[in-house]
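Structure file data24.txt (compact mmCIF, C-alpha atoms and all ligand atoms) follows.
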# COMPACT_ATOMS: atom_id res chain seq x y z
CA MET A 100 125.00 58.50 -7.49
CA SER A 101 123.62 57.80 -4.06
CA ILE A 102 125.87 56.84 -1.20
CA ILE A 103 124.44 53.35 -1.22
CA ASP A 104 126.01 52.52 -4.58
CA THR A 105 129.30 54.34 -4.17
CA PRO A 106 131.99 51.81 -5.18
CA ALA A 107 134.56 53.14 -2.72
CA THR A 108 132.34 52.20 0.19
CA ASP A 109 130.95 48.91 -1.06
CA THR A 110 132.55 45.94 0.56
CA ALA A 111 131.82 42.23 0.67
CA VAL A 112 132.67 42.00 4.37
CA ILE A 113 131.47 44.43 7.01
CA PRO A 114 133.53 43.46 10.04
CA GLY A 115 131.90 43.66 13.44
CA PRO A 116 133.64 43.44 16.82
CA ALA A 117 137.07 41.90 16.25
CA THR A 118 137.91 41.15 19.89
CA PRO A 119 136.08 40.32 23.14
CA TYR A 120 136.81 43.89 24.29
CA GLN A 121 135.09 45.32 21.21
CA GLY A 122 132.14 43.05 22.04
CA ASP A 123 132.03 44.70 25.50
CA ILE A 124 132.01 48.15 23.90
CA ALA A 125 129.29 47.17 21.44
CA ARG A 126 127.16 45.97 24.37
CA TYR A 127 127.91 49.12 26.35
CA TRP A 128 126.65 51.40 23.57
CA ASN A 129 123.75 49.13 22.65
CA ASN A 130 122.51 49.40 26.25
CA GLU A 131 123.28 53.09 26.64
CA ALA A 132 120.22 55.29 27.07
CA ARG A 133 121.33 57.94 29.54
CA PRO A 134 118.91 60.84 29.75
CA VAL A 135 121.86 63.23 29.49
CA ASN A 136 122.37 62.14 25.88
CA LEU A 137 118.77 61.63 24.76
CA ARG A 138 117.16 64.67 26.35
CA LEU A 139 119.85 66.95 24.96
CA GLY A 140 119.43 65.48 21.47
CA ASP A 141 115.67 65.98 21.69
CA VAL A 142 116.29 69.76 21.76
CA ASP A 143 116.82 69.93 17.99
CA GLY A 144 117.29 66.36 16.76
CA LEU A 145 121.11 66.33 16.73
CA TYR A 146 122.17 63.46 18.98
CA HIS A 147 125.68 63.73 20.39
CA HIS A 148 127.73 61.49 22.66
CA HIS A 149 130.43 64.02 23.42
CA TYR A 150 130.99 67.01 25.68
CA GLY A 151 130.60 70.73 25.19
CA ILE A 152 132.87 73.75 24.90
CA GLY A 153 132.46 77.50 25.25
CA ALA A 154 131.17 80.02 27.76
CA VAL A 155 127.81 79.39 29.38
CA ASP A 156 125.17 81.93 28.38
CA GLU A 157 123.96 82.88 31.86
CA ALA A 158 121.05 84.90 30.46
CA ALA A 159 119.83 81.85 28.54
CA ILE A 160 119.70 79.58 31.60
CA GLY A 161 117.99 82.17 33.78
CA ASP A 162 117.52 82.22 37.52
CA PRO A 163 117.95 79.04 39.62
CA ALA A 164 114.40 79.60 40.94
CA ASP A 165 112.94 79.71 37.41
CA SER A 166 110.49 76.81 36.89
CA GLU A 167 111.85 76.43 33.35
CA ARG A 168 115.46 76.39 34.57
CA GLU A 169 116.08 72.66 34.00
CA LYS A 170 114.80 72.82 30.43
CA LYS A 171 116.97 75.86 29.77
CA VAL A 172 120.06 74.16 31.21
CA ILE A 173 119.48 71.16 28.93
CA SER A 174 119.24 73.43 25.88
CA GLU A 175 122.40 75.23 26.92
CA LEU A 176 124.38 72.01 27.45
CA HIS A 177 123.23 70.86 24.02
CA ARG A 178 124.25 74.17 22.44
CA LEU A 179 127.76 73.73 23.90
CA GLU A 180 127.97 70.14 22.56
CA SER A 181 127.02 71.31 19.06
CA ALA A 182 129.59 74.12 19.39
CA GLN A 183 132.20 71.43 20.07
CA ALA A 184 131.26 69.60 16.85
CA ASP A 185 131.38 72.90 14.94
CA VAL A 186 134.96 73.50 16.09
CA LEU A 187 135.93 70.01 14.98
CA LEU A 188 134.35 70.59 11.54
CA ASP A 189 136.09 74.00 11.27
CA HIS A 190 139.42 72.13 11.34
CA LEU A 191 138.58 69.86 8.41
CA GLY A 192 139.19 72.79 6.06
CA ASP A 193 137.38 72.97 2.71
CA ILE A 194 135.63 69.77 1.76
CA PRO A 195 134.14 69.57 -1.75
CA ALA A 196 130.51 68.48 -2.10
CA ASP A 197 131.65 65.46 -4.12
CA GLY A 198 134.09 64.34 -1.41
CA THR A 199 133.41 61.73 1.27
CA LEU A 200 133.92 62.33 4.99
CA LEU A 201 134.39 59.65 7.61
CA ASP A 202 133.21 59.75 11.23
CA ALA A 203 135.09 56.94 13.02
CA GLY A 204 133.12 55.97 16.13
CA CYS A 205 130.08 57.95 15.04
CA GLY A 206 127.68 57.39 17.94
CA ARG A 207 124.11 58.42 17.10
CA GLY A 208 125.34 60.57 14.21
CA GLY A 209 124.84 64.19 15.34
CA SER A 210 128.23 65.31 14.00
CA MET A 211 127.60 63.54 10.69
CA VAL A 212 124.38 65.47 10.12
CA MET A 213 126.16 68.73 10.93
CA ALA A 214 128.99 67.83 8.52
CA HIS A 215 126.57 67.14 5.69
CA GLN A 216 124.66 70.35 6.38
CA ARG A 217 127.92 72.30 6.24
CA PHE A 218 129.69 70.70 3.25
CA GLY A 219 126.83 69.09 1.30
CA CYS A 220 128.93 65.94 0.92
CA LYS A 221 128.55 62.27 1.80
CA VAL A 222 129.38 61.29 5.34
CA GLU A 223 130.13 57.70 6.33
CA GLY A 224 129.92 56.68 9.99
CA LEU A 225 131.31 53.60 11.72
CA THR A 226 130.22 52.36 15.14
CA LEU A 227 130.36 49.06 16.99
CA SER A 228 126.75 49.49 18.11
CA SER A 229 123.90 48.32 15.87
CA LYS A 230 121.50 50.37 17.99
CA GLN A 231 123.47 53.53 17.28
CA ALA A 232 123.78 52.76 13.55
CA ASP A 233 120.02 52.17 13.28
CA PHE A 234 119.31 55.34 15.24
CA GLY A 235 121.62 57.41 13.01
CA ASN A 236 120.20 55.98 9.80
CA ASN A 237 116.60 56.54 10.95
CA ARG A 238 117.42 60.11 11.86
CA ALA A 239 119.11 60.73 8.48
CA GLY A 240 116.02 59.25 6.79
CA GLU A 241 113.70 61.54 8.76
CA LEU A 242 115.80 64.52 7.67
CA GLY A 243 115.67 63.38 4.02
CA ILE A 244 119.47 63.03 3.84
CA GLY A 245 119.68 59.23 3.92
CA ASP A 246 121.41 59.22 0.52
CA PHE A 247 124.27 61.23 2.02
CA VAL A 248 124.62 60.22 5.65
CA ARG A 249 125.06 56.56 6.49
CA SER A 250 126.10 54.73 9.66
CA ARG A 251 127.36 51.18 9.67
CA VAL A 252 128.30 48.60 12.27
CA CYS A 253 131.97 48.28 11.61
CA ASN A 254 135.32 48.18 13.38
CA MET A 255 137.21 51.40 12.68
CA LEU A 256 140.49 49.47 12.77
CA ASP A 257 139.31 47.63 9.65
CA MET A 258 137.47 50.21 7.58
CA PRO A 259 135.41 49.28 4.51
CA PHE A 260 137.02 51.88 2.23
CA GLU A 261 139.55 51.73 -0.55
CA ASN A 262 142.95 53.40 -0.09
CA GLY A 263 142.99 57.18 -0.50
CA THR A 264 139.22 57.62 -1.05
CA ILE A 265 138.34 59.77 1.99
CA ALA A 266 138.68 63.59 1.86
CA GLY A 267 138.60 64.11 5.62
CA SER A 268 138.10 61.97 8.71
CA TRP A 269 137.70 62.36 12.44
CA ASN A 270 137.35 60.73 15.84
CA ASN A 271 135.16 62.70 18.19
CA GLU A 272 135.73 61.18 21.64
CA SER A 273 136.13 57.70 20.22
CA SER A 274 139.90 57.15 20.07
CA MET A 275 140.20 55.96 23.69
CA TYR A 276 138.75 52.58 22.73
CA VAL A 277 141.57 51.52 20.43
CA ASP A 278 145.31 51.29 20.00
CA LEU A 279 146.39 54.60 18.47
CA HIS A 280 148.98 53.15 16.09
CA ASP A 281 146.39 50.78 14.64
CA LEU A 282 143.83 53.59 14.42
CA PHE A 283 146.07 56.13 12.70
CA ALA A 284 147.46 53.52 10.31
CA GLU A 285 143.88 52.92 9.14
CA HIS A 286 142.97 56.62 8.85
CA SER A 287 146.19 57.17 6.94
CA ARG A 288 145.36 54.33 4.56
CA VAL A 289 141.87 55.56 3.65
CA LEU A 290 142.63 59.31 3.58
CA ALA A 291 143.68 60.94 0.32
CA VAL A 292 147.13 62.51 0.38
CA GLY A 293 146.56 66.09 1.55
CA GLY A 294 143.39 65.04 3.40
CA ARG A 295 142.78 66.25 6.93
CA TYR A 296 142.30 64.17 10.09
CA VAL A 297 140.84 65.75 13.25
CA THR A 298 140.35 64.37 16.73
CA ILE A 299 138.82 65.86 19.85
CA THR A 300 139.67 63.72 22.84
CA GLY A 301 140.43 63.60 26.51
CA CYS A 302 144.05 62.60 27.14
CA TRP A 303 146.22 62.33 30.21
CA ASN A 304 148.90 64.93 30.53
CA PRO A 305 152.50 63.65 30.43
CA LYS A 306 153.48 66.70 32.49
CA TYR A 307 151.50 65.21 35.39
CA GLY A 308 153.56 62.00 35.22
CA GLN A 309 151.13 59.07 34.94
CA PRO A 310 147.31 58.79 34.79
CA SER A 311 145.83 60.25 38.00
CA LYS A 312 143.20 58.47 40.09
CA TRP A 313 140.57 60.63 38.37
CA VAL A 314 141.71 59.45 34.94
CA SER A 315 141.57 55.84 36.18
CA GLN A 316 138.03 56.49 37.42
CA ILE A 317 136.98 57.83 34.01
CA ASN A 318 138.49 54.75 32.33
CA ALA A 319 136.54 52.45 34.64
CA HIS A 320 133.30 54.40 34.16
CA PHE A 321 133.39 54.25 30.36
CA GLU A 322 135.34 50.95 30.00
CA CYS A 323 137.91 52.81 27.93
CA ASN A 324 141.67 53.39 27.93
CA ILE A 325 142.60 57.07 27.85
CA HIS A 326 145.91 57.70 26.08
CA SER A 327 148.44 60.41 26.82
CA ARG A 328 148.99 63.50 24.68
CA ARG A 329 152.45 62.16 23.90
CA GLU A 330 151.01 58.88 22.54
CA TYR A 331 148.74 60.80 20.13
CA LEU A 332 151.58 62.79 18.67
CA ARG A 333 153.92 59.82 18.44
CA ALA A 334 151.32 57.57 16.75
CA MET A 335 150.47 60.34 14.26
CA ALA A 336 154.12 60.94 13.41
CA ASP A 337 154.55 57.21 12.78
CA ASN A 338 151.57 57.15 10.40
CA ARG A 339 152.08 60.05 7.99
CA LEU A 340 149.75 62.36 9.94
CA VAL A 341 151.46 65.71 10.55
CA PRO A 342 149.82 67.92 13.20
CA GLN A 343 148.74 71.26 11.81
CA ALA A 344 147.05 72.39 15.06
CA VAL A 345 147.11 71.16 18.65
CA ILE A 346 144.61 73.09 20.76
CA ASP A 347 144.10 72.69 24.48
CA LEU A 348 140.32 72.94 24.92
CA THR A 349 140.46 72.23 28.68
CA PRO A 350 139.59 75.79 29.80
CA ASP A 351 136.77 75.83 27.22
CA THR A 352 135.16 72.62 28.43
CA LEU A 353 135.22 73.33 32.19
CA PRO A 354 132.15 75.63 32.12
CA TYR A 355 130.17 72.82 30.46
CA TRP A 356 131.11 70.38 33.22
CA GLU A 357 130.42 72.85 35.98
CA LEU A 358 126.97 73.55 34.54
CA ARG A 359 126.26 69.88 33.97
CA ALA A 360 127.21 69.08 37.59
CA THR A 361 124.35 71.35 38.74
CA SER A 362 121.70 69.70 36.55
CA SER A 363 119.40 66.76 37.26
CA LEU A 364 121.19 64.81 34.52
CA VAL A 365 124.35 64.10 36.51
CA THR A 366 125.82 60.66 35.88
CA GLY A 367 128.30 60.59 38.77
CA ILE A 368 131.42 61.09 36.67
CA GLU A 369 131.32 64.90 36.69
CA GLU A 370 133.59 65.23 39.74
CA ALA A 371 136.35 63.13 38.11
CA PHE A 372 136.31 65.32 34.98
CA ILE A 373 136.29 68.60 36.90
CA ASN A 374 139.02 67.56 39.36
CA SER A 375 141.32 66.08 36.74
CA TYR A 376 140.98 69.11 34.48
CA LYS A 377 141.72 71.36 37.43
CA ASP A 378 144.72 69.41 38.79
CA GLY A 379 146.28 69.27 35.32
CA SER A 380 146.28 65.48 35.01
CA PHE A 381 143.72 65.39 32.20
CA GLN A 382 143.30 67.57 29.13
CA TYR A 383 140.65 68.04 26.48
CA VAL A 384 142.47 68.55 23.19
CA LEU A 385 141.84 69.00 19.50
CA ILE A 386 144.50 67.77 17.11
CA ALA A 387 144.17 68.44 13.39
CA ALA A 388 146.70 66.69 11.14
CA ASP A 389 147.49 66.60 7.44
CA ARG A 390 147.85 63.24 5.70
CA VAL A 391 151.15 63.57 3.88
C1 LIG A 401 131.71 58.45 23.24
S1 LIG A 401 130.99 57.78 21.78
C2 LIG A 401 131.28 59.10 20.64
C3 LIG A 401 130.24 59.16 19.57
C4 LIG A 401 130.34 60.28 18.52
N1 LIG A 401 131.67 60.40 17.98
C5 LIG A 401 129.86 61.61 19.02
O1 LIG A 401 130.65 62.57 19.05
O2 LIG A 401 128.68 61.74 19.37
C6 LIG A 401 132.15 56.51 21.32
C7 LIG A 401 131.84 55.79 20.02
O3 LIG A 401 132.99 55.05 19.62
C8 LIG A 401 132.54 53.87 19.00
N2 LIG A 401 133.65 52.90 18.93
C9 LIG A 401 134.46 52.47 19.91
N3 LIG A 401 135.35 51.57 19.44
C10 LIG A 401 135.09 51.43 18.12
C11 LIG A 401 135.65 50.64 17.07
N4 LIG A 401 136.68 49.82 17.27
N5 LIG A 401 135.12 50.75 15.83
C12 LIG A 401 134.07 51.58 15.59
N6 LIG A 401 133.50 52.35 16.54
C13 LIG A 401 134.01 52.27 17.79
C14 LIG A 401 131.38 53.43 19.85
O4 LIG A 401 130.60 52.48 19.16
C15 LIG A 401 130.70 54.80 20.06
O5 LIG A 401 129.84 55.05 18.97
Using structure tokens, write down the structure from this file.
Amino acid sequence: MSIIDTPATDTAVIPGPATPYQGDIARYWNNEARPVNLRLGDVDGLYHHHYGIGAVDEAAIGDPADSEREKKVISELHRLESAQADVLLDHLGDIPADGTLLDAGCGRGGSMVMAHQRFGCKVEGLTLSSKQADFGNNRAGELGIGDFVRSRVCNMLDMPFENGTIAGSWNNESSMYVDLHDLFAEHSRVLAVGGRYVTITGCWNPKYGQPSKWVSQINAHFECNIHSRREYLRAMADNRLVPQAVIDLTPDTLPYWELRATSSLVTGIEEAFINSYKDGSFQYVLIAADRV
């Protein structure tokens, strides 16, 4: 059966933006064409809208005077972004080839392609942006995996799936656009009991006190609302999602930001990320939780 005629995913109504704010976010991502995202994706055809983790391979980027340096830096940043998606997928556990995965807030679909390549299963993606959904579907078609990987314009707080039909689900840098209780209630509804939920996200650190000026700057830049680590854990606990791993990826993402800040692809927000990670007000975390 192809993904297109899977009953669990068929629905009469595909909801779009439910609020004026969601309309703003749809517009933001429909208009988004930053070179930092597109040029990195062009490296191997996996298009991400998230950040990277891991040590920079200094030998791979070469000498600053190297005429090929910029191209090498772009490849390296992209490698670190794919490494981030790999770590997220590692935490989904074993997914059978006849299961269905869900990427909530799927962007241009890079993580979905990686998930299908790893597990051989169907992967459903939801985004508010029609441009992103079209891009992801075209890319899946080009790769010959259009029967398995599908993106749709849909609000992730109102998912077009029956209860308990999803084997594993994730938010990769997309949970700061929604209320966490509403989000986790919906993941919990569609996940099978025993299914795994994973998020990688930036969150403000309750130990710091309140969101720092850098966190406020990041919110303004992306028109989002970064939550605290405490809010994630509380909203999961309230929605039958029991953390199995909470990993602080902050030290692992700093090298990515420091490299990115030296490239021609800077967007102006690099300083806020680097300073907030260093002053402890902001953290990059992975949380993997079991649906019980
Ligand atoms: C920073 S991008 C992350 C994209 C992708 N997860 C990745 O790793 O490349 C944020 C994504 O969240 C999506 N998003 C935000 N709010 C959403 C909502 N309520 N429903 C569905 N998608 C949403 C946006 O459309 C966008 O695709």
Original post:
Got a sec to check which residues lie within 7 Å of ligand LIG 401 (chain A), using all atoms listed in the file, and send them as an MDAnalysis selection string?
Top reply: chainID A and resid 121 124:125 128 146:149 202:210 225:228 231 253:256 270:273 276:277
Subject >> Residues near Ser268 of chain A, cut-off 7 Å, only C-alpha atoms, skip fewer than 4 positions along chain, as a list of chain:residue names >> reply: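 Close residues of Ser268 of chain A: A:Leu200, A:Leu201, A:Asp202, A:Arg295, A:Tyr296, A:Val297.
Candidate residues A:Arg138, A:Arg288, A:His320, A:Arg251 were compared for distance to Leu364 of chain A, and the nearest is A:Arg138, using all atoms listed in the file.
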Original post:
A:Ala371, A:Leu187, A:Val222, A:Ala360: which is nearest Val345 of chain A, counting all atoms listed in the file?
Top reply: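 Between A:Ala371, A:Leu187, A:Val222, A:Ala360, the residue approaching Val345 of chain A most closely is A:Leu187.
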Subject >> Closest of A:Ser274, A:Thr366, A:Ser311, A:Asn129 to Cys323 of chain A - atom-to-atom distances counting only C-alpha atoms >> reply: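 Looking at the shortest contact to Cys323 of chain A, the residue is A:Ser274.
The closest residue to Ser327 of chain A, picked from A:Arg249, A:Lys306, A:Arg133, A:Lys312 and counting all atoms listed in the file, is A:Lys306.
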Original post:
Leaving out Ala158 of chain A and any residue of its chain fewer than 4 positions from it, which residues lie within 12 Å of it when counting all atoms listed in the file, given as a list in words?
Top reply: Ala154, Asp162, Pro163, Asp165, Arg168, Lys171, Val172 and Glu175 of chain A
Subject >> Point-to-point distance from atom CA of Lys170 of chain A to atom CA of Tyr383 of chain A, Å rounded to tenths >> reply: 26.6 Å
Contact residues around His215 of chain A with only C-alpha atoms at 10 Å, ignoring same-chain residues under 3 positions, as a compact mmCIF listing (two decimals) with C-alpha atoms, keeping the file's coordinate frame:
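Saved the output as result.txt:
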# COMPACT_ATOMS: atom_id res chain seq x y z
CA ALA A 196 130.51 68.48 -2.10
CA THR A 199 133.41 61.73 1.27
CA LEU A 200 133.92 62.33 4.99
CA SER A 210 128.23 65.31 14.00
CA MET A 211 127.60 63.54 10.69
CA VAL A 212 124.38 65.47 10.12
CA PHE A 218 129.69 70.70 3.25
CA GLY A 219 126.83 69.09 1.30
CA CYS A 220 128.93 65.94 0.92
CA LYS A 221 128.55 62.27 1.80
CA VAL A 222 129.38 61.29 5.34
CA ILE A 244 119.47 63.03 3.84
CA PHE A 247 124.27 61.23 2.02
CA VAL A 248 124.62 60.22 5.65
